[in-house]
Every structure is written in structure tokens, then in C-alpha cells.
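Undergrad: Data: query03.txt, compact mmCIF, C-alpha atoms.
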# COMPACT_ATOMS: atom_id res chain seq x y z
CA MET A 1495 14.55 -11.10 10.29
CA SER A 1496 12.68 -10.25 7.07
CA SER A 1497 10.65 -7.10 6.63
CA VAL A 1498 7.64 -6.48 4.38
CA ALA A 1499 7.22 -3.25 2.42
CA CYS A 1500 4.83 -4.31 -0.35
CA VAL A 1501 1.65 -6.41 -0.36
CA VAL A 1502 -0.74 -7.02 -3.25
CA ILE A 1503 -4.08 -8.87 -3.21
CA SER A 1504 -4.93 -11.23 -6.07
CA PRO A 1505 -7.81 -10.27 -8.39
CA ASP A 1506 -10.01 -13.08 -6.99
CA GLY A 1507 -9.45 -11.87 -3.41
CA LYS A 1508 -8.35 -15.32 -2.18
CA THR A 1509 -4.60 -14.78 -1.87
CA PHE A 1510 -2.06 -12.03 -1.42
CA ALA A 1511 1.63 -11.73 -2.21
CA SER A 1512 4.31 -9.96 -0.20
CA ASN A 1513 7.91 -8.98 -0.74
CA SER A 1514 10.67 -9.99 1.62
CA SER A 1515 14.07 -8.63 2.50
CA GLY A 1516 15.02 -12.32 2.57
CA ASN A 1517 15.53 -12.37 -1.24
CA CYS A 1518 12.14 -13.91 -1.96
CA SER A 1519 8.42 -13.25 -2.43
CA LYS A 1520 5.63 -15.13 -0.71
CA LEU A 1521 2.06 -16.09 -1.53
CA TRP A 1522 -0.43 -16.29 1.34
CA ASN A 1523 -4.03 -17.43 1.87
CA LEU A 1524 -6.01 -14.26 2.61
CA ASP A 1525 -8.59 -16.00 4.82
CA THR A 1526 -6.27 -18.15 6.95
CA GLY A 1527 -2.95 -16.28 6.72
CA GLU A 1528 -1.27 -19.58 5.81
CA LEU A 1529 1.84 -19.45 3.63
CA ILE A 1530 1.07 -21.14 0.30
CA ARG A 1531 4.37 -20.77 -1.55
CA THR A 1532 7.75 -19.04 -1.44
CA PHE A 1533 9.32 -17.75 -4.66
CA SER A 1534 13.12 -17.75 -4.34
CA GLY A 1535 15.67 -16.69 -6.92
CA HIS A 1536 16.77 -13.11 -6.36
CA SER A 1537 20.28 -12.48 -5.07
CA VAL A 1538 19.26 -9.58 -2.80
CA ALA A 1539 16.08 -8.21 -1.21
CA VAL A 1540 12.83 -8.09 -3.18
CA TYR A 1541 11.53 -4.53 -3.38
CA CYS A 1542 8.08 -4.92 -4.95
CA VAL A 1543 5.54 -7.47 -6.11
CA ALA A 1544 2.58 -7.36 -8.51
CA ILE A 1545 -0.03 -9.86 -9.68
CA ASN A 1546 -1.29 -9.65 -13.25
CA PRO A 1547 -5.03 -9.06 -13.88
CA ASN A 1548 -5.86 -12.72 -14.55
CA GLY A 1549 -4.20 -13.73 -11.25
CA LYS A 1550 -1.84 -16.27 -12.79
CA ILE A 1551 1.50 -14.43 -12.78
CA LEU A 1552 3.47 -12.86 -9.93
CA ALA A 1553 6.14 -10.28 -10.78
CA SER A 1554 8.88 -9.66 -8.22
CA GLY A 1555 11.32 -6.77 -8.48
CA SER A 1556 14.61 -6.82 -6.60
CA TYR A 1557 17.52 -4.56 -5.77
CA ASP A 1558 19.59 -7.06 -7.79
CA ARG A 1559 18.13 -5.15 -10.78
CA THR A 1560 15.97 -8.03 -11.95
CA ILE A 1561 12.28 -8.66 -12.32
CA LYS A 1562 11.17 -12.26 -12.26
CA LEU A 1563 7.81 -13.54 -13.46
CA TRP A 1564 6.43 -16.56 -11.61
CA ASN A 1565 3.58 -18.97 -12.30
CA LEU A 1566 1.41 -18.67 -9.17
CA GLU A 1567 0.01 -22.21 -9.51
CA THR A 1568 3.28 -24.08 -9.94
CA GLY A 1569 5.79 -21.68 -8.38
CA GLN A 1570 8.01 -22.00 -11.45
CA MET A 1571 9.85 -18.94 -12.76
CA LYS A 1572 8.52 -18.10 -16.23
CA GLN A 1573 10.86 -15.29 -17.23
CA HIS A 1574 13.40 -12.88 -15.85
CA CYS A 1575 14.70 -9.54 -16.96
CA LYS A 1576 17.88 -7.76 -15.90
CA PHE A 1577 17.93 -3.97 -16.00
CA SER A 1578 20.85 -1.71 -16.73
CA VAL A 1579 19.74 1.11 -14.41
CA LEU A 1580 22.46 2.03 -11.99
CA ASP A 1581 20.79 3.75 -9.06
CA ARG A 1582 17.83 3.08 -6.82
CA GLU A 1583 16.00 6.28 -7.76
CA ASP A 1584 15.97 5.36 -11.47
CA TRP A 1585 14.93 1.81 -10.57
CA GLU A 1586 11.98 3.00 -8.50
CA ASP A 1587 10.83 5.49 -11.15
CA ASP A 1588 10.87 2.96 -13.99
CA ARG A 1589 9.86 -0.33 -12.37
CA ILE A 1590 6.12 -0.22 -13.11
CA GLN A 1591 6.62 0.64 -16.78
CA LYS A 1592 9.16 -2.15 -17.15
CA VAL A 1593 6.92 -4.71 -15.44
CA SER A 1594 4.18 -3.73 -17.89
CA LYS A 1595 6.53 -4.43 -20.80
CA LEU A 1596 7.23 -7.90 -19.38
CA TYR A 1597 3.50 -8.68 -19.12
CA SER A 1598 3.07 -7.95 -22.81
CA SER A 1599 6.17 -9.91 -23.85
CA SER A 1600 5.73 -13.13 -25.77
CA LYS A 1601 9.14 -14.64 -24.94
CA THR A 1602 9.46 -18.23 -23.76
CA SER A 1603 9.80 -19.17 -20.11
CA ASP A 1604 13.56 -19.49 -19.86
CA GLN A 1605 14.58 -16.45 -21.90
CA ALA A 1606 16.12 -13.40 -20.30
CA SER A 1607 15.54 -9.92 -21.67
CA GLU A 1608 17.67 -6.82 -21.39
CA VAL A 1609 15.56 -3.69 -20.86
CA ASN A 1610 17.20 -0.28 -21.05
Once you've parsed the file, please lay out its structure as C-alpha cells.
TA:
Amino acid sequence: MSSVACVVISPDGKTFASNSSGNCSKLWNLDTGELIRTFSGHSVAVYCVAINPNGKILASGSYDRTIKLWNLETGQMKQHCKFSVLDREDWEDDRIQKVSKLYSSSKTSDQASEVN
């Protein structure tokens, strides 16, 4: 059974995203509660999710020490980043700053970045 610890509403108020202990993130219709899309690719549970201000990119952070950026329209992974932090406390303290760095990155869709 999956649990949810993080939910974020899109800027347009039409959808929301949730994390999942089932190694994925999910996008839902806010009005109907219908599942729109599942974003799979992490090797362990997803800890947090965020949607960028224009509502086009979903960021998912996982205990596998990666953040993945997803195109909300297509469901395709745009970019991923693996972190070198070693413990959960460091990961939780730094995750928002590191997601912000990914939003401002101009790397192509299939590149991976190493953030220290």
C-alpha cells in the first residue's frame, strides 16, 4: 500500500501532484479526483514533489538521492540529477535549493547533473 506525504496544487488550480511510497509521483484532476498520469522512474520512494510556476514541469525527489524533472503534458522525463548527500537530514535540508538550481538549468532533456 502506498502512502502520501506531499501534495502540491498546480498554478492554474486544475490539477495536483502527489508523492508515493510506490517509487512514483502522480498527477490528479482536482475537480474529479481522477488519476491523469503516473510518473515512474525512481528506484525507491518519492519524498517530495513540486510544480514550477508555469505549471509545465513536475519535480520529484526520492530517497534514491535523485530529483527528476517531468513534462506534465507528455509524462516524459526531461532531466534527472543525482545528489552526493549521504544522509536523510542533509537531503531534507538541501532539497528545495537543489530543485531551484534544476529549474534554472539549461541542460538538455537526457543529461544528468551531479550536484554537491
Undergrad: Please indicate the distance in Å from atom CA of Ser1514 of chain A to atom CA of Glu1528 of chain A, rounded to one decimal place.
TA: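 Interatomic distance here is 15.9 Å.
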Undergrad: Quick one: of A:Ala1544, A:Ala1539, A:Leu1529, A:Leu1524, who's nearest to Val1501 of chain A, counting all atoms listed in the file?
TA: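 Of all the options, A:Ala1544 lies closest to Val1501 of chain A.
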Undergrad: For atom CA of Asp1506 of chain A and atom CA of Met1571 of chain A, quote the distance in Å rounded to one decimal.
TA: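 These two atoms are separated by 21.5 Å.
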Undergrad: Enter the distance from atom CA of Ile1503 of chain A to atom CA of Thr1560 of chain A, in Å, rounded to one decimal.
TA: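 Answer for the atom CA of Ile1503 of chain A to atom CA of Thr1560 of chain A separation: 21.9 Å.
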Undergrad: I'd like the contact shell of Ser1519 of chain A - 8 Å cut-off, only C-alpha atoms, skipping same-chain residues fewer than 2 positions apart - returned as a PyMOL selection string.
TA: chain A and resi 1511-1514+1517+1521+1532-1534+1540+1543+1554
Undergrad: Emit the selected residues as a CSV table (one decimal), in the frame of the given file, including C-alpha atoms.
TA:
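What follows is the written file out.csv:
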chain,number,residue,atom,x,y,z
A,1511,ALA,CA,1.6,-11.7,-2.2
A,1512,SER,CA,4.3,-10.0,-0.2
A,1513,ASN,CA,7.9,-9.0,-0.7
A,1514,SER,CA,10.7,-10.0,1.6
A,1517,ASN,CA,15.5,-12.4,-1.2
A,1521,LEU,CA,2.1,-16.1,-1.5
A,1532,THR,CA,7.8,-19.0,-1.4
A,1533,PHE,CA,9.3,-17.8,-4.7
A,1534,SER,CA,13.1,-17.8,-4.3
A,1540,VAL,CA,12.8,-8.1,-3.2
A,1543,VAL,CA,5.5,-7.5,-6.1
A,1554,SER,CA,8.9,-9.7,-8.2
Undergrad: Grab all the atoms of segment 1540-1545 of chain A that the file lists, wrap them in a box along x, y and z, add 3 Å per side, and give me centre plus edge lengths in Å (one decimal) as AutoDock Vina command-line options.
TA:
--center_x 6.4 --center_y -7.2 --center_z -6.4 --size_x 18.9 --size_y 11.3 --size_z 12.5
Undergrad: Within 12 Å of Pro1547 of chain A, counting all atoms listed in the file, which residues show up once you throw out same-chain ones fewer than 2 positions away? Write them as a ChimeraX atom specification, please.
TA: /A:1502-1507,1544-1545,1549-1553,1594,1597
Undergrad: Let me make sure I understand: among A:Val1498, A:Asn1565, A:Asn1548, A:Ser1556, which one has the smallest atom-to-atom distance to Arg1531 of chain A if we use all atoms listed in the file?
TA: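 Smallest separation from Arg1531 of chain A among the options: A:Asn1565.
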Undergrad: Can you rebuild segment 1516-1537 of chain A with N, CA, C and O atoms and give it as a PDB file, keeping the file's coordinate frame?
TA:
ATOM      1  N   GLY A1516      14.319 -11.046   2.603  1.00  0.00           N
ATOM      2  CA  GLY A1516      15.020 -12.320   2.570  1.00  0.00           C
ATOM      3  C   GLY A1516      15.207 -12.862   1.167  1.00  0.00           C
ATOM      4  O   GLY A1516      15.260 -14.067   0.975  1.00  0.00           O
ATOM      5  N   ASN A1517      15.247 -11.996   0.155  1.00  0.00           N
ATOM      6  CA  ASN A1517      15.530 -12.370  -1.240  1.00  0.00           C
ATOM      7  C   ASN A1517      14.439 -13.218  -1.874  1.00  0.00           C
ATOM      8  O   ASN A1517      14.706 -13.984  -2.796  1.00  0.00           O
ATOM      9  N   CYS A1518      13.218 -13.106  -1.400  1.00  0.00           N
ATOM     10  CA  CYS A1518      12.140 -13.910  -1.960  1.00  0.00           C
ATOM     11  C   CYS A1518      10.816 -13.158  -1.883  1.00  0.00           C
ATOM     12  O   CYS A1518      10.722 -12.107  -1.262  1.00  0.00           O
ATOM     13  N   SER A1519       9.801 -13.719  -2.525  1.00  0.00           N
ATOM     14  CA  SER A1519       8.420 -13.250  -2.430  1.00  0.00           C
ATOM     15  C   SER A1519       7.608 -14.407  -1.879  1.00  0.00           C
ATOM     16  O   SER A1519       8.008 -15.570  -1.991  1.00  0.00           O
ATOM     17  N   LYS A1520       6.453 -14.075  -1.315  1.00  0.00           N
ATOM     18  CA  LYS A1520       5.630 -15.130  -0.710  1.00  0.00           C
ATOM     19  C   LYS A1520       4.180 -14.946  -1.099  1.00  0.00           C
ATOM     20  O   LYS A1520       3.708 -13.833  -1.265  1.00  0.00           O
ATOM     21  N   LEU A1521       3.482 -16.076  -1.236  1.00  0.00           N
ATOM     22  CA  LEU A1521       2.060 -16.090  -1.530  1.00  0.00           C
ATOM     23  C   LEU A1521       1.335 -16.650  -0.315  1.00  0.00           C
ATOM     24  O   LEU A1521       1.720 -17.690   0.220  1.00  0.00           O
ATOM     25  N   TRP A1522       0.286 -15.956   0.111  1.00  0.00           N
ATOM     26  CA  TRP A1522      -0.430 -16.290   1.340  1.00  0.00           C
ATOM     27  C   TRP A1522      -1.919 -16.475   1.061  1.00  0.00           C
ATOM     28  O   TRP A1522      -2.480 -15.851   0.174  1.00  0.00           O
ATOM     29  N   ASN A1523      -2.574 -17.292   1.878  1.00  0.00           N
ATOM     30  CA  ASN A1523      -4.030 -17.430   1.870  1.00  0.00           C
ATOM     31  C   ASN A1523      -4.601 -16.244   2.625  1.00  0.00           C
ATOM     32  O   ASN A1523      -4.260 -16.029   3.788  1.00  0.00           O
ATOM     33  N   LEU A1524      -5.465 -15.469   1.986  1.00  0.00           N
ATOM     34  CA  LEU A1524      -6.010 -14.260   2.610  1.00  0.00           C
ATOM     35  C   LEU A1524      -6.917 -14.581   3.793  1.00  0.00           C
ATOM     36  O   LEU A1524      -6.910 -13.856   4.787  1.00  0.00           O
ATOM     37  N   ASP A1525      -7.669 -15.658   3.725  1.00  0.00           N
ATOM     38  CA  ASP A1525      -8.590 -16.000   4.820  1.00  0.00           C
ATOM     39  C   ASP A1525      -7.880 -16.573   6.041  1.00  0.00           C
ATOM     40  O   ASP A1525      -8.199 -16.214   7.171  1.00  0.00           O
ATOM     41  N   THR A1526      -6.907 -17.450   5.825  1.00  0.00           N
ATOM     42  CA  THR A1526      -6.270 -18.150   6.950  1.00  0.00           C
ATOM     43  C   THR A1526      -4.921 -17.571   7.355  1.00  0.00           C
ATOM     44  O   THR A1526      -4.437 -17.853   8.447  1.00  0.00           O
ATOM     45  N   GLY A1527      -4.293 -16.789   6.443  1.00  0.00           N
ATOM     46  CA  GLY A1527      -2.950 -16.280   6.720  1.00  0.00           C
ATOM     47  C   GLY A1527      -1.863 -17.323   6.515  1.00  0.00           C
ATOM     48  O   GLY A1527      -0.691 -17.069   6.773  1.00  0.00           O
ATOM     49  N   GLU A1528      -2.226 -18.491   6.017  1.00  0.00           N
ATOM     50  CA  GLU A1528      -1.270 -19.580   5.810  1.00  0.00           C
ATOM     51  C   GLU A1528      -0.386 -19.293   4.593  1.00  0.00           C
ATOM     52  O   GLU A1528      -0.859 -18.833   3.552  1.00  0.00           O
ATOM     53  N   LEU A1529       0.898 -19.581   4.736  1.00  0.00           N
ATOM     54  CA  LEU A1529       1.840 -19.450   3.630  1.00  0.00           C
ATOM     55  C   LEU A1529       1.561 -20.558   2.617  1.00  0.00           C
ATOM     56  O   LEU A1529       1.545 -21.738   2.958  1.00  0.00           O
ATOM     57  N   ILE A1530       1.341 -20.171   1.369  1.00  0.00           N
ATOM     58  CA  ILE A1530       1.070 -21.140   0.300  1.00  0.00           C
ATOM     59  C   ILE A1530       2.360 -21.515  -0.420  1.00  0.00           C
ATOM     60  O   ILE A1530       2.619 -22.682  -0.678  1.00  0.00           O
ATOM     61  N   ARG A1531       3.187 -20.505  -0.738  1.00  0.00           N
ATOM     62  CA  ARG A1531       4.370 -20.770  -1.550  1.00  0.00           C
ATOM     63  C   ARG A1531       5.384 -19.649  -1.362  1.00  0.00           C
ATOM     64  O   ARG A1531       5.019 -18.506  -1.158  1.00  0.00           O
ATOM     65  N   THR A1532       6.649 -20.004  -1.456  1.00  0.00           N
ATOM     66  CA  THR A1532       7.750 -19.040  -1.440  1.00  0.00           C
ATOM     67  C   THR A1532       8.422 -19.071  -2.801  1.00  0.00           C
ATOM     68  O   THR A1532       8.684 -20.140  -3.345  1.00  0.00           O
ATOM     69  N   PHE A1533       8.671 -17.893  -3.364  1.00  0.00           N
ATOM     70  CA  PHE A1533       9.320 -17.750  -4.660  1.00  0.00           C
ATOM     71  C   PHE A1533      10.727 -17.235  -4.427  1.00  0.00           C
ATOM     72  O   PHE A1533      10.920 -16.076  -4.076  1.00  0.00           O
ATOM     73  N   SER A1534      11.718 -18.099  -4.594  1.00  0.00           N
ATOM     74  CA  SER A1534      13.120 -17.750  -4.340  1.00  0.00           C
ATOM     75  C   SER A1534      13.876 -17.679  -5.650  1.00  0.00           C
ATOM     76  O   SER A1534      13.609 -18.447  -6.565  1.00  0.00           O
ATOM     77  N   GLY A1535      14.861 -16.770  -5.711  1.00  0.00           N
ATOM     78  CA  GLY A1535      15.670 -16.690  -6.920  1.00  0.00           C
ATOM     79  C   GLY A1535      16.422 -15.389  -7.070  1.00  0.00           C
ATOM     80  O   GLY A1535      17.336 -15.298  -7.872  1.00  0.00           O
ATOM     81  N   HIS A1536      16.039 -14.377  -6.310  1.00  0.00           N
ATOM     82  CA  HIS A1536      16.770 -13.110  -6.360  1.00  0.00           C
ATOM     83  C   HIS A1536      18.016 -13.213  -5.489  1.00  0.00           C
ATOM     84  O   HIS A1536      18.049 -13.962  -4.515  1.00  0.00           O
ATOM     85  N   SER A1537      19.036 -12.425  -5.834  1.00  0.00           N
ATOM     86  CA  SER A1537      20.280 -12.480  -5.070  1.00  0.00           C
ATOM     87  C   SER A1537      20.305 -11.492  -3.905  1.00  0.00           C
ATOM     88  O   SER A1537      21.146 -11.612  -3.016  1.00  0.00           O
TER      89      SER A1537
END
